[in-house]
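Shown here: protein.cif, mmCIF, C-alpha atoms.
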data_upload
loop_
_atom_site.label_atom_id
_atom_site.label_comp_id
_atom_site.auth_asym_id
_atom_site.auth_seq_id
_atom_site.Cartn_x
_atom_site.Cartn_y
_atom_site.Cartn_z
CA MET A 1 17.98 32.43 -40.19
CA ASN A 2 17.09 32.61 -36.51
CA ARG A 3 13.86 30.73 -37.08
CA VAL A 4 15.69 27.99 -38.96
CA LEU A 5 18.23 27.49 -36.15
CA LEU A 6 15.44 27.47 -33.55
CA LEU A 7 13.49 24.83 -35.48
CA LYS A 8 16.59 22.65 -35.81
CA SER A 9 17.20 22.95 -32.08
CA ARG A 10 13.67 21.85 -31.28
CA ARG A 11 13.87 18.90 -33.67
CA ILE A 12 16.88 17.56 -31.75
CA VAL A 13 16.03 18.48 -28.18
CA LEU A 14 12.35 17.48 -28.16
CA PRO A 15 12.85 13.83 -29.25
CA LEU A 16 15.69 13.46 -26.73
CA ALA A 17 13.53 14.87 -23.95
CA VAL A 18 10.58 12.62 -24.84
CA ALA A 19 12.84 9.55 -25.09
CA ALA A 20 14.41 10.35 -21.72
CA ALA A 21 10.99 10.78 -20.09
CA VAL A 22 9.64 7.50 -21.52
CA ALA A 23 12.80 5.62 -20.53
CA MET A 24 12.65 7.08 -17.02
CA VAL A 25 9.05 5.85 -16.59
CA ILE A 26 9.93 2.38 -17.90
CA ILE A 27 13.00 2.04 -15.68
CA SER A 28 11.17 3.34 -12.62
CA GLU A 29 8.15 1.06 -13.06
CA GLY A 30 10.27 -1.99 -13.87
CA ALA A 31 12.50 -1.45 -10.88
CA TYR A 32 9.46 -0.88 -8.65
CA TRP A 33 7.70 -4.11 -9.58
CA GLN A 34 10.90 -6.14 -9.40
CA SER A 35 11.60 -4.68 -5.97
CA VAL A 36 8.06 -5.42 -4.80
CA LYS A 37 8.37 -9.05 -5.95
CA ALA A 38 11.77 -9.43 -4.31
CA LEU A 39 10.49 -8.01 -1.03
CA SER A 40 7.43 -10.28 -1.14
CA ASP A 41 9.66 -13.30 -1.73
CA LEU A 42 11.91 -12.29 1.16
CA ALA A 43 8.87 -11.96 3.45
CA ALA A 44 7.64 -15.43 2.43
CA ILE A 45 11.10 -16.89 3.03
CA GLY A 46 11.21 -15.32 6.48
CA ASP A 47 7.78 -16.78 7.29
CA ALA A 48 8.93 -20.23 6.14
CA ARG A 49 12.03 -20.06 8.36
CA SER A 50 9.85 -18.99 11.27
CA ASP A 51 7.45 -21.89 10.64
CA VAL A 52 10.32 -24.41 10.60
CA GLN A 53 11.64 -23.02 13.87
CA GLN A 54 8.14 -23.07 15.36
CA LEU A 55 7.76 -26.67 14.23
CA GLN A 56 10.97 -27.71 15.97
CA GLN A 57 9.93 -25.89 19.14
CA SER A 58 6.50 -27.55 19.05
CA VAL A 59 8.07 -31.04 18.76
CA LEU A 60 10.27 -30.26 21.76
CA ALA A 61 7.25 -28.91 23.65
CA ALA A 62 5.27 -32.08 22.86
CA GLU A 63 8.14 -34.25 24.13
CA ALA A 64 8.47 -32.13 27.28
CA GLY A 65 4.72 -32.36 27.96
CA GLN A 66 4.78 -36.15 27.45
CA ARG A 67 7.69 -36.62 29.83
CA GLY A 68 6.09 -34.37 32.42
CA TYR A 69 2.97 -36.49 32.30
CA LEU A 70 4.92 -39.76 32.52
CA LEU A 71 6.91 -38.50 35.49
CA THR A 72 4.02 -36.99 37.47
CA ALA A 73 0.90 -38.76 36.13
CA ARG A 74 -0.80 -35.34 36.23
CA LYS A 75 -3.25 -34.68 33.39
CA GLU A 76 -2.46 -30.98 33.24
CA TYR A 77 0.90 -31.86 31.60
CA LEU A 78 -1.05 -33.17 28.62
CA ALA A 79 -2.40 -29.66 27.88
CA PRO A 80 0.94 -28.32 26.50
CA TYR A 81 1.40 -31.67 24.74
CA GLU A 82 -1.91 -31.31 22.92
CA ALA A 83 -1.28 -27.61 22.22
CA ALA A 84 2.08 -28.54 20.70
CA LEU A 85 0.34 -31.10 18.44
CA LYS A 86 -1.96 -28.36 17.16
CA GLY A 87 1.00 -26.05 16.60
CA ILE A 88 2.80 -28.77 14.62
CA ASP A 89 -0.26 -29.31 12.44
CA GLU A 90 -0.63 -25.56 11.75
CA SER A 91 3.07 -25.20 10.95
CA PHE A 92 2.94 -28.08 8.49
CA LYS A 93 -0.12 -26.59 6.77
CA ARG A 94 1.69 -23.31 6.16
CA LEU A 95 4.87 -25.07 5.08
CA ASP A 96 2.94 -27.33 2.68
CA ARG A 97 1.49 -24.28 0.96
CA TYR A 98 4.88 -22.57 0.76
CA TYR A 99 6.85 -25.56 -0.55
CA ALA A 100 4.13 -26.78 -2.95
CA ALA A 101 5.64 -24.75 -5.80
CA ASP A 102 9.13 -26.28 -5.44
CA ALA A 103 9.27 -30.06 -5.91
CA SER A 104 12.93 -30.39 -4.87
CA GLU A 105 12.43 -28.65 -1.54
CA PHE A 106 9.04 -30.35 -1.06
CA ASP A 107 10.89 -33.69 -0.83
CA GLY A 108 12.79 -32.39 2.18
CA LEU A 109 9.52 -31.25 3.75
CA ASN A 110 8.02 -34.71 3.15
CA ALA A 111 10.98 -36.25 4.95
CA LEU A 112 10.39 -33.87 7.85
CA HIS A 113 6.71 -34.87 7.78
CA THR A 114 7.69 -38.55 8.06
CA LEU A 115 10.18 -38.07 10.88
CA THR A 116 7.78 -35.88 12.83
CA ASP A 117 4.89 -38.34 12.39
CA ILE A 118 7.11 -41.19 13.66
CA LYS A 119 8.19 -39.08 16.62
CA LEU A 120 4.64 -38.10 17.48
CA ALA A 121 3.50 -41.71 17.13
CA GLU A 122 6.18 -42.80 19.63
CA LEU A 123 5.13 -40.06 22.04
CA ALA A 124 1.50 -41.14 21.76
CA ALA A 125 2.47 -44.81 22.15
CA ALA A 126 4.40 -44.10 25.32
CA ILE A 127 1.41 -42.23 26.78
CA ARG A 128 -0.97 -45.00 25.79
CA LEU A 129 1.23 -47.69 27.38
CA TYR A 130 1.53 -45.61 30.53
CA ASP A 131 -2.24 -45.22 30.72
CA GLU A 132 -2.57 -49.02 30.33
CA GLY A 133 -0.27 -49.53 33.29
CA LYS A 134 2.70 -50.74 31.24
CA ASN A 135 5.16 -48.35 32.80
CA ALA A 136 8.26 -50.36 31.89
CA ALA A 137 7.39 -50.47 28.19
CA SER A 138 6.56 -46.76 28.24
CA THR A 139 9.91 -45.96 29.90
CA ASP A 140 11.77 -48.07 27.34
CA ILE A 141 10.29 -46.01 24.51
CA VAL A 142 11.23 -42.74 26.21
CA LEU A 143 14.80 -43.84 26.99
CA SER A 144 15.49 -45.59 23.68
CA ALA A 145 18.46 -44.39 21.61
CA LEU A 146 16.20 -44.31 18.55
CA ASN A 147 14.12 -41.62 20.22
CA LYS A 148 17.18 -39.40 20.56
CA LYS A 149 18.29 -40.08 16.98
CA GLN A 150 14.88 -39.10 15.68
CA MET A 151 15.03 -35.77 17.48
CA GLU A 152 18.50 -35.15 16.09
CA ALA A 153 17.28 -36.05 12.62
CA ILE A 154 14.34 -33.63 12.95
CA ARG A 155 16.70 -30.87 14.09
CA ALA A 156 19.15 -31.60 11.27
CA LEU A 157 16.45 -31.67 8.60
CA GLY A 158 14.87 -28.47 9.95
CA THR A 159 18.27 -26.80 9.95
CA GLU A 160 18.81 -27.94 6.37
CA LEU A 161 15.48 -26.43 5.30
CA MET A 162 16.27 -23.15 7.08
CA ASP A 163 19.74 -23.04 5.50
CA ALA A 164 18.15 -23.50 2.08
CA GLN A 165 15.80 -20.59 2.80
CA THR A 166 18.76 -18.51 3.96
CA LEU A 167 20.43 -19.10 0.60
CA LYS A 168 17.22 -18.11 -1.18
CA ALA A 169 16.99 -14.97 0.93
CA GLU A 170 20.57 -14.05 0.04
CA ALA A 171 19.81 -14.62 -3.62
CA GLY A 172 16.68 -12.46 -3.30
CA ARG A 173 18.66 -9.66 -1.69
CA GLU A 174 21.25 -9.85 -4.45
CA THR A 175 18.45 -9.58 -7.00
CA LEU A 176 17.02 -6.57 -5.19
CA TYR A 177 20.45 -4.91 -5.05
CA ALA A 178 20.96 -5.62 -8.73
CA THR A 179 17.58 -4.06 -9.52
CA LEU A 180 18.41 -0.93 -7.56
CA LEU A 181 21.84 -0.72 -9.17
CA GLY A 182 20.27 -1.06 -12.60
CA ARG A 183 17.89 1.72 -11.78
CA ARG A 184 20.74 3.95 -10.63
CA LEU A 185 22.67 3.28 -13.81
CA GLY A 186 19.57 3.91 -15.91
CA MET A 187 18.92 7.19 -14.18
CA ALA A 188 22.55 8.19 -14.67
CA LEU A 189 22.25 7.43 -18.37
CA LEU A 190 19.04 9.44 -18.63
CA THR A 191 20.73 12.31 -16.82
CA ALA A 192 23.54 12.19 -19.34
CA ILE A 193 21.02 12.25 -22.19
CA SER A 194 19.24 15.19 -20.60
CA LEU A 195 22.53 17.05 -20.21
CA LEU A 196 23.32 16.32 -23.84
CA ALA A 197 19.96 17.74 -24.87
CA LEU A 198 20.61 20.80 -22.72
CA TYR A 199 24.07 21.19 -24.22
CA LEU A 200 22.65 21.02 -27.74
CA PHE A 201 19.98 23.52 -26.85
CA LEU A 202 22.51 25.92 -25.31
CA ARG A 203 24.77 25.57 -28.32
CA ARG A 204 21.92 26.44 -30.62
CA THR A 205 21.10 29.37 -28.37
CA ASP A 206 24.68 30.62 -28.68
CA GLU A 207 24.38 30.41 -32.44
CA LEU A 208 21.24 32.48 -32.24
CA LYS A 209 23.01 35.07 -30.12
CA ARG A 210 25.95 35.29 -32.53
CA GLN A 211 23.53 35.88 -35.37
CA GLU A 212 21.72 38.52 -33.41
CA LEU A 213 24.95 40.35 -32.54
CA ARG A 214 25.47 41.08 -36.25
CA LEU A 215 22.20 42.96 -36.33
CA LYS A 216 22.71 45.68 -33.71
CA ASP A 217 19.46 47.48 -34.14
CA VAL A 218 17.48 44.27 -34.07
CA VAL A 219 19.48 43.08 -31.06
CA ARG A 220 18.57 46.14 -28.99
CA ALA A 221 14.88 45.73 -29.64
CA GLU A 222 15.03 41.96 -29.16
CA ARG A 223 17.02 42.33 -25.94
CA ASP A 224 14.52 44.75 -24.48
CA ARG A 225 11.69 42.46 -25.43
CA LEU A 226 13.42 39.44 -23.96
CA GLU A 227 14.25 41.28 -20.73
CA ILE A 228 10.62 42.20 -20.27
CA GLU A 229 9.55 38.65 -21.04
CA VAL A 230 12.12 37.23 -18.65
CA ASP A 231 10.94 39.53 -15.88
CA GLN A 232 7.39 38.46 -16.51
CA ARG A 233 8.28 34.80 -16.60
CA THR A 234 10.41 35.15 -13.48
CA ALA A 235 7.51 36.77 -11.66
CA GLN A 236 5.20 34.04 -12.92
CA LEU A 237 7.62 31.30 -11.84
CA THR A 238 8.01 32.91 -8.43
CA LYS A 239 4.26 32.95 -7.98
CA LEU A 240 4.05 29.38 -9.24
CA ALA A 241 6.79 28.26 -6.84
CA ARG A 242 5.01 29.90 -3.93
CA TYR A 243 1.75 28.31 -5.00
CA LEU A 244 3.37 24.88 -5.22
CA GLN A 245 4.92 25.32 -1.77
CA THR A 246 1.56 26.37 -0.36
CA ALA A 247 -0.17 23.49 -2.15
CA ARG A 248 2.34 21.07 -0.69
CA GLU A 249 1.66 22.27 2.84
CA ASP A 250 -2.09 22.26 2.17
CA GLU A 251 -1.82 18.67 0.95
CA ARG A 252 0.12 17.77 4.08
CA ASN A 253 -2.55 19.44 6.18
CA ARG A 254 -5.32 17.59 4.32
CA LEU A 255 -3.50 14.29 4.66
CA ALA A 256 -2.89 14.90 8.37
CA ARG A 257 -6.56 15.74 8.86
CA ASN A 258 -7.67 12.61 7.01
CA LEU A 259 -5.28 10.46 9.01
CA HIS A 260 -6.53 11.99 12.24
CA ASP A 261 -10.24 11.72 11.39
CA GLU A 262 -10.47 8.49 9.41
CA LEU A 263 -7.49 6.34 10.38
CA GLY A 264 -7.69 7.44 14.02
CA SER A 265 -11.37 6.54 14.24
CA LEU A 266 -10.78 3.17 12.58
CA LEU A 267 -7.95 2.25 14.93
CA THR A 268 -9.88 3.44 17.98
CA SER A 269 -12.93 1.45 16.88
CA ALA A 270 -10.76 -1.64 16.38
CA LYS A 271 -9.27 -1.17 19.85
CA LEU A 272 -12.73 -0.91 21.41
CA ASP A 273 -13.89 -4.04 19.56
CA ALA A 274 -10.85 -5.92 20.81
CA ALA A 275 -11.60 -4.80 24.37
CA ARG A 276 -15.20 -6.05 24.06
CA ILE A 277 -14.04 -9.41 22.70
CA LYS A 278 -11.47 -9.66 25.49
CA SER A 279 -14.10 -9.07 28.16
CA ARG A 280 -16.32 -11.79 26.68
CA LEU A 281 -13.49 -14.31 26.47
CA ALA A 282 -12.25 -13.70 30.02
CA GLY A 283 -11.36 -17.02 31.62
CA LYS A 284 -12.45 -19.07 28.59
CA ALA A 285 -9.63 -19.06 26.02
CA PRO A 286 -6.21 -18.11 27.41
CA GLU A 287 -4.51 -18.44 24.05
CA ALA A 288 -7.08 -16.18 22.39
CA LEU A 289 -6.69 -13.65 25.20
CA GLU A 290 -2.94 -13.56 24.61
CA ARG A 291 -3.57 -12.91 20.93
CA LEU A 292 -6.01 -10.13 21.80
CA GLU A 293 -3.53 -8.52 24.18
CA HIS A 294 -0.94 -8.57 21.41
CA LEU A 295 -3.54 -7.09 19.03
CA VAL A 296 -4.37 -4.29 21.50
CA HIS A 297 -0.65 -3.58 21.92
CA THR A 298 -0.24 -3.43 18.13
CA LEU A 299 -3.23 -1.08 17.83
CA ASN A 300 -1.74 1.20 20.50
CA GLN A 301 1.53 1.29 18.58
CA SER A 302 -0.37 2.05 15.35
CA ILE A 303 -2.26 4.91 17.01
CA ALA A 304 1.02 6.34 18.36
CA LEU A 305 2.64 6.01 14.93
CA GLY A 306 -0.33 7.76 13.32
CA ARG A 307 -0.05 10.63 15.77
CA SER A 308 3.67 10.93 15.06
CA ILE A 309 3.05 11.01 11.30
CA ILE A 310 0.29 13.61 11.70
CA GLU A 311 2.54 15.85 13.80
CA ASP A 312 5.32 15.53 11.24
CA LEU A 313 2.96 16.43 8.40
CA ARG A 314 1.45 19.41 10.18
CA PRO A 315 2.50 20.35 13.72
CA SER A 316 -0.71 21.05 15.61
CA THR A 317 1.16 23.00 18.26
CA LEU A 318 2.04 25.68 15.70
CA GLY A 319 -1.56 26.80 15.43
CA ASN A 320 -2.51 26.09 19.03
CA LEU A 321 0.53 27.22 21.04
CA GLY A 322 2.49 29.42 18.65
CA LEU A 323 5.93 29.36 17.09
CA VAL A 324 7.97 29.73 20.28
CA ALA A 325 6.30 26.81 22.06
CA THR A 326 6.47 24.67 18.92
CA LEU A 327 10.21 25.28 18.52
CA GLU A 328 10.75 24.51 22.22
CA ILE A 329 8.92 21.19 21.82
CA LEU A 330 10.89 20.40 18.65
CA ALA A 331 14.18 21.16 20.42
CA ARG A 332 13.24 19.11 23.47
CA GLU A 333 12.22 16.08 21.38
CA PHE A 334 15.42 16.35 19.35
CA ALA A 335 17.51 16.48 22.52
CA ASP A 336 15.70 13.45 23.97
CA GLN A 337 16.11 11.38 20.81
CA SER A 338 19.66 12.34 19.87
CA GLY A 339 21.24 12.94 23.28
CA ILE A 340 22.57 16.31 22.02
CA ALA A 341 22.10 19.25 24.38
CA VAL A 342 19.97 22.07 22.92
CA ASP A 343 20.03 25.63 24.27
CA CYS A 344 17.02 27.75 23.22
CA ALA A 345 16.76 31.54 23.32
CA LEU A 346 13.32 32.17 21.83
CA SER A 347 11.35 35.42 21.96
CA PRO A 348 7.88 36.17 20.55
CA VAL A 349 7.99 37.67 17.04
CA LYS A 350 5.50 38.99 14.48
CA LEU A 351 5.17 36.58 11.55
CA ASP A 352 2.26 35.42 9.45
CA ALA A 353 1.20 31.77 9.37
CA ASN A 354 3.19 30.88 6.23
CA ALA A 355 6.37 32.44 7.58
CA GLU A 356 5.95 30.65 10.91
CA LEU A 357 5.58 27.32 9.12
CA MET A 358 8.66 28.11 7.01
CA VAL A 359 10.71 28.90 10.15
CA TYR A 360 9.56 25.66 11.77
CA ARG A 361 10.47 23.60 8.68
CA LEU A 362 13.85 25.32 8.42
CA VAL A 363 14.77 24.66 12.07
CA GLN A 364 13.50 21.09 11.72
CA GLU A 365 15.66 20.45 8.66
CA ALA A 366 18.68 22.16 10.23
CA ILE A 367 18.65 20.02 13.39
CA THR A 368 17.99 16.90 11.31
CA ASN A 369 21.15 17.67 9.30
CA ILE A 370 23.01 18.21 12.57
CA SER A 371 21.99 14.78 13.85
CA LYS A 372 23.09 13.14 10.58
CA TYR A 373 26.35 14.86 9.77
CA ALA A 374 27.60 17.32 12.40
CA ARG A 375 28.62 14.96 15.25
CA ALA A 376 27.83 17.87 17.56
CA ARG A 377 27.57 17.93 21.36
CA GLN A 378 25.71 21.23 21.72
CA VAL A 379 23.13 23.06 19.59
CA TRP A 380 21.91 26.65 20.00
CA VAL A 381 18.56 27.81 18.60
CA SER A 382 17.56 31.47 18.77
CA LEU A 383 14.56 33.52 17.63
CA ALA A 384 14.34 37.29 18.12
CA ALA A 385 13.13 40.53 16.53
CA ARG A 386 15.56 43.40 15.83
CA ASP A 387 14.80 46.66 13.99
CA GLY A 388 11.77 45.32 12.16
CA GLN A 389 13.53 42.08 11.18
CA VAL A 390 13.09 38.61 12.62
CA GLU A 391 16.33 36.70 13.09
CA VAL A 392 16.39 32.91 13.33
CA ALA A 393 19.68 31.11 13.99
CA VAL A 394 20.67 27.47 14.44
CA ARG A 395 24.28 26.85 15.51
CA ASP A 396 26.21 23.70 16.47
CA ASP A 397 29.71 22.85 17.68
CA GLY A 398 30.14 19.95 15.26
CA VAL A 399 32.75 19.14 12.64
CA GLY A 400 31.60 21.81 10.18
CA PHE A 401 32.43 21.70 6.47
CA ASP A 402 34.03 23.64 3.63
CA LEU A 403 31.39 25.82 1.97
CA THR A 404 33.22 25.82 -1.38
CA VAL A 405 33.36 22.02 -1.46
CA SER A 406 29.75 21.69 -0.35
CA ALA A 407 28.61 24.03 -3.12
CA LYS A 408 30.09 21.63 -5.68
CA SER A 409 28.39 18.60 -4.16
CA ALA A 410 24.92 18.07 -5.63
CA LYS A 411 23.71 16.14 -2.61
CA SER A 412 24.69 18.93 -0.22
CA ALA A 413 23.77 21.81 -2.53
CA PHE A 414 20.19 20.67 -3.09
CA GLY A 415 19.42 20.64 0.63
CA LEU A 416 20.92 24.12 1.13
CA LEU A 417 19.19 25.46 -1.98
CA GLY A 418 15.88 24.09 -0.71
CA MET A 419 16.30 25.87 2.61
CA ARG A 420 17.42 29.08 0.90
CA PHE A 421 14.47 29.01 -1.51
CA ARG A 422 11.94 28.64 1.32
CA VAL A 423 13.40 31.69 3.03
CA GLU A 424 13.52 33.82 -0.13
CA ALA A 425 9.95 32.84 -1.00
CA GLU A 426 8.91 34.64 2.20
CA GLY A 427 11.01 37.70 1.38
CA GLY A 428 13.89 36.77 3.66
CA LYS A 429 17.59 35.98 3.39
CA MET A 430 19.60 32.99 4.55
CA THR A 431 23.31 33.09 5.36
CA LEU A 432 25.42 30.03 6.09
CA PHE A 433 28.64 30.12 8.16
CA SER A 434 30.82 27.04 8.52
CA THR A 435 34.47 25.99 8.60
CA PRO A 436 35.90 22.51 9.17
CA GLY A 437 36.26 21.80 12.88
CA HIS A 438 34.38 24.90 14.05
CA GLY A 439 30.75 23.98 13.64
CA THR A 440 28.01 25.47 11.46
CA ARG A 441 25.62 28.41 11.84
CA VAL A 442 22.49 29.02 9.78
CA LEU A 443 21.21 32.60 10.04
CA VAL A 444 17.87 33.69 8.55
CA THR A 445 16.42 37.21 8.51
CA LEU A 446 12.76 37.89 7.70
CA PRO A 447 10.68 41.04 7.66
CA GLU A 448 8.23 41.28 10.53
CA SER A 449 4.55 41.13 9.68
CA SER A 450 2.03 43.70 10.83
CA GLY A 451 0.08 41.10 12.89
CA THR A 452 0.40 40.19 16.54
CA SER A 453 3.47 38.54 18.00
CA SER A 454 3.80 34.77 17.72
CA ALA A 455 3.94 33.38 21.25
#
What would the structure in this file look like if it were written as structure tokens?
Amino acid sequence: MNRVLLLKSRRIVLPLAVAAAVAMVIISEGAYWQSVKALSDLAAIGDARSDVQQLQQSVLAAEAGQRGYLLTARKEYLAPYEAALKGIDESFKRLDRYYAADASEFDGLNALHTLTDIKLAELAAAIRLYDEGKNAASTDIVLSALNKKQMEAIRALGTELMDAQTLKAEAGRETLYATLLGRRLGMALLTAISLLALYLFLRRTDELKRQELRLKDVVRAERDRLEIEVDQRTAQLTKLARYLQTAREDERNRLARNLHDELGSLLTSAKLDAARIKSRLAGKAPEALERLEHLVHTLNQSIALGRSIIEDLRPSTLGNLGLVATLEILAREFADQSGIAVDCALSPVKLDANAELMVYRLVQEAITNISKYARARQVWVSLAARDGQVEVAVRDDGVGFDLTVSAKSAKSAFGLLGMRFRVEAEGGKMTLFSTPGHGTRVLVTLPESSGTSSA
């Protein structure tokens, strides 16, 4: 009888679980590719708007250069005029490629082409007449009302193109939001299906238990067997959980090392190459030098970002300076970034490397939660050893929260459970104290290791 009920349970639960897994993969992949396409379209739209703005600025720059030349007769005013002509040509090339796929919008671009060509022809004609000594004719072209109307028409048409791209961007964002909403709804549905499968499984389990209760002798033997098996499985799962946590940190360490060795060397090499190119172009190509300076600045930012990511993945100070110094640095950086005062009372303690990393991650997550939710003005971080136990505490004077309400909130509970699990995996205990309006205190106790104190 028990075997029959168990087989029936598996026949229902297994197909539901497989269907939920397949549907989750389909929804996730579909939403990912739709989101990627929407983001790519939004980036292209932003580039098109930037090109239209650059085109308008280049036309104005060309007109300003022409007028400067006509007023001063100095050839150096033709340099920005010619540079603006090149900028206009480059902008049109990019816009032609972007609008080639849309015939309706390409008509507007053609009109902008025509107006711009007429404007540039008038600017060139005025310069040519001036060079021929026909100053009056050149001045008439510059001061003509048609000249002003053409500039207004170019501005109006450029604004119309940018407005059209703004509408497309809004439509793209709406599509992206709809995709994300669809994914949320799909995940909610899959969660409901999973809960249904769990409910069916639990109901079948209850039926099994009711059947077993009728057979007392069999129940005693089965219960003892199950208790032993549960203890074994629990021990196995605990080891597996510790292994997964260690593997996660090892993967972070490997990734940090790869970023430091490979990405750091690539960025440094690129920076050196840029410096060599800059030295060779000195005094020859000002525009290229400006681009190189921007490239060097970007490389410096990339190197700084890489260092920040590496430190977040695996704090190097933990192995080099010890837990106390690492926590002091973490507290100081948090205070600088958030503007919240942090008071540290840190003493050397005896912990192994895994426990030190766990304490660092716990303090890091605690102060991150404070910056997001607590609205605190003061934070206290303490680390000390008492009677063979290491005590770690993070306290704030923020708004606090109701522990009973937080326990019912999945979003809040998962974060607290994650912190609690990390502590228990190292043989410690975490206690949370909080009431609305009186701040929050996270207290962790760990057994001291037999090694040397962590400085």
* Asked: Taking the file as shown, what set of residues would the PyMOL selection byres ((chain A and resi 81) around 10) give back, as JSON, numbers by chain?
  -> {"A": [58, 59, 60, 61, 62, 63, 64, 65, 66, 67, 68, 69, 76, 77, 78, 79, 80, 82, 83, 84, 85, 86, 87, 123, 124]}
Expanded to explicit residues, what is the PyMOL selection byres ((chain A and resi 390-404) around 8) for this file, as a CSV table (one decimal) with C-alpha atoms, in the frame of the given file?
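For reference, result-v8.csv as written:
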chain,number,residue,atom,x,y,z
A,349,VAL,CA,8.0,37.7,17.0
A,350,LYS,CA,5.5,39.0,14.5
A,359,VAL,CA,10.7,28.9,10.2
A,363,VAL,CA,14.8,24.7,12.1
A,366,ALA,CA,18.7,22.2,10.2
A,367,ILE,CA,18.6,20.0,13.4
A,370,ILE,CA,23.0,18.2,12.6
A,374,ALA,CA,27.6,17.3,12.4
A,375,ARG,CA,28.6,15.0,15.2
A,376,ALA,CA,27.8,17.9,17.6
A,377,ARG,CA,27.6,17.9,21.4
A,378,GLN,CA,25.7,21.2,21.7
A,379,VAL,CA,23.1,23.1,19.6
A,380,TRP,CA,21.9,26.6,20.0
A,381,VAL,CA,18.6,27.8,18.6
A,382,SER,CA,17.6,31.5,18.8
A,383,LEU,CA,14.6,33.5,17.6
A,384,ALA,CA,14.3,37.3,18.1
A,385,ALA,CA,13.1,40.5,16.5
A,386,ARG,CA,15.6,43.4,15.8
A,388,GLY,CA,11.8,45.3,12.2
A,389,GLN,CA,13.5,42.1,11.2
A,405,VAL,CA,33.4,22.0,-1.5
A,406,SER,CA,29.8,21.7,-0.4
A,407,ALA,CA,28.6,24.0,-3.1
A,408,LYS,CA,30.1,21.6,-5.7
A,434,SER,CA,30.8,27.0,8.5
A,435,THR,CA,34.5,26.0,8.6
A,436,PRO,CA,35.9,22.5,9.2
A,437,GLY,CA,36.3,21.8,12.9
A,438,HIS,CA,34.4,24.9,14.0
A,439,GLY,CA,30.8,24.0,13.6
A,440,THR,CA,28.0,25.5,11.5
A,441,ARG,CA,25.6,28.4,11.8
A,442,VAL,CA,22.5,29.0,9.8
A,443,LEU,CA,21.2,32.6,10.0
A,444,VAL,CA,17.9,33.7,8.6
A,445,THR,CA,16.4,37.2,8.5
A,446,LEU,CA,12.8,37.9,7.7
A,447,PRO,CA,10.7,41.0,7.7
A,448,GLU,CA,8.2,41.3,10.5
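Taken over the whole file, the PyMOL selection byres ((chain A and resi 290-292) around 12) covers exactly Ala270, Lys271, Leu272, Asp273, Ala274, Ala275, Arg276, Ile277, Lys278, Ser279, Arg280, Leu281, Ala282, Gly283, Lys284, Ala285, Pro286, Glu287, Ala288, Leu289, Glu293, His294, Leu295, Val296, His297, Thr298 and Leu299 of chain A.
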* Just the residues within 12 Å of Ala48 in chain A, please, counting only C-alpha atoms, with nothing from its chain fewer than 5 positions along; format it as a list of chain:residue names. =>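 Non-adjacent residues within range: A:Asp41, A:Leu42, A:Ala43, A:Gln53, A:Gln54, A:Leu55, A:Ser91, A:Phe92, A:Lys93, A:Arg94, A:Leu95, A:Asp96, A:Arg97, A:Tyr98, A:Tyr99, A:Glu105, A:Leu109, A:Gly158, A:Leu161, A:Met162, A:Asp163, A:Ala164, A:Gln165, A:Thr166, A:Lys168, A:Ala169.
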Would you write out those residues with C-alpha atoms, as a compact mmCIF listing (two decimals), in the frame of the given file?
# COMPACT_ATOMS: atom_id res chain seq x y z
CA ASP A 41 9.66 -13.30 -1.73
CA LEU A 42 11.91 -12.29 1.16
CA ALA A 43 8.87 -11.96 3.45
CA GLN A 53 11.64 -23.02 13.87
CA GLN A 54 8.14 -23.07 15.36
CA LEU A 55 7.76 -26.67 14.23
CA SER A 91 3.07 -25.20 10.95
CA PHE A 92 2.94 -28.08 8.49
CA LYS A 93 -0.12 -26.59 6.77
CA ARG A 94 1.69 -23.31 6.16
CA LEU A 95 4.87 -25.07 5.08
CA ASP A 96 2.94 -27.33 2.68
CA ARG A 97 1.49 -24.28 0.96
CA TYR A 98 4.88 -22.57 0.76
CA TYR A 99 6.85 -25.56 -0.55
CA GLU A 105 12.43 -28.65 -1.54
CA LEU A 109 9.52 -31.25 3.75
CA GLY A 158 14.87 -28.47 9.95
CA LEU A 161 15.48 -26.43 5.30
CA MET A 162 16.27 -23.15 7.08
CA ASP A 163 19.74 -23.04 5.50
CA ALA A 164 18.15 -23.50 2.08
CA GLN A 165 15.80 -20.59 2.80
CA THR A 166 18.76 -18.51 3.96
CA LYS A 168 17.22 -18.11 -1.18
CA ALA A 169 16.99 -14.97 0.93
* Asked: CA of Leu432 in chain A to CA of Leu323 in chain A: how many Å, to one decimal?
  ->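 Between CA of Leu432 in chain A and CA of Leu323 in chain A the gap works out to 22.4 Å.
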Using the file's own x, y and z axes, so that the box edges lie along x, y and z, what centre and edge lengths in Å (one decimal) does a box around every listed atom of range 107-125 of chain A get when 3 Å is added on each side? Give it as JSON.
{"center_x": 7.1, "center_y": -38.0, "center_z": 10.7, "size_x": 17.3, "size_y": 19.6, "size_z": 29.0}
* Quick one, how far is CA of Thr368 in chain A from CA of Glu328 in chain A? ->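 So the answer is 15.1 Å.
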* Asked: Which distance in Å separates CA of Leu208 in chain A and CA of Ala21 in chain A, to one decimal?
  -> 26.9 Å
* Asked: Around (14.7, 21.0, 20.6) in the file's frame, which residues reach within 9 Å when counting all atoms listed in the file? Return as a list in words?
  -> Leu327, Glu328, Ile329, Leu330, Ala331, Arg332, Glu333, Phe334, Ala335, Asp336, Ala341, Val342, Asp343, Cys344, Gln364, Ile367, Val379 and Val381 of chain A
* For Leu318 in chain A, list every protein, DNA or RNA residue within 9 Å, evaluated using all atoms listed in the file, and leave out those in the same chain fewer than 3 positions away; present the list as a PyMOL selection string. => chain A and resi 314-315+321-327+353+356-357+360
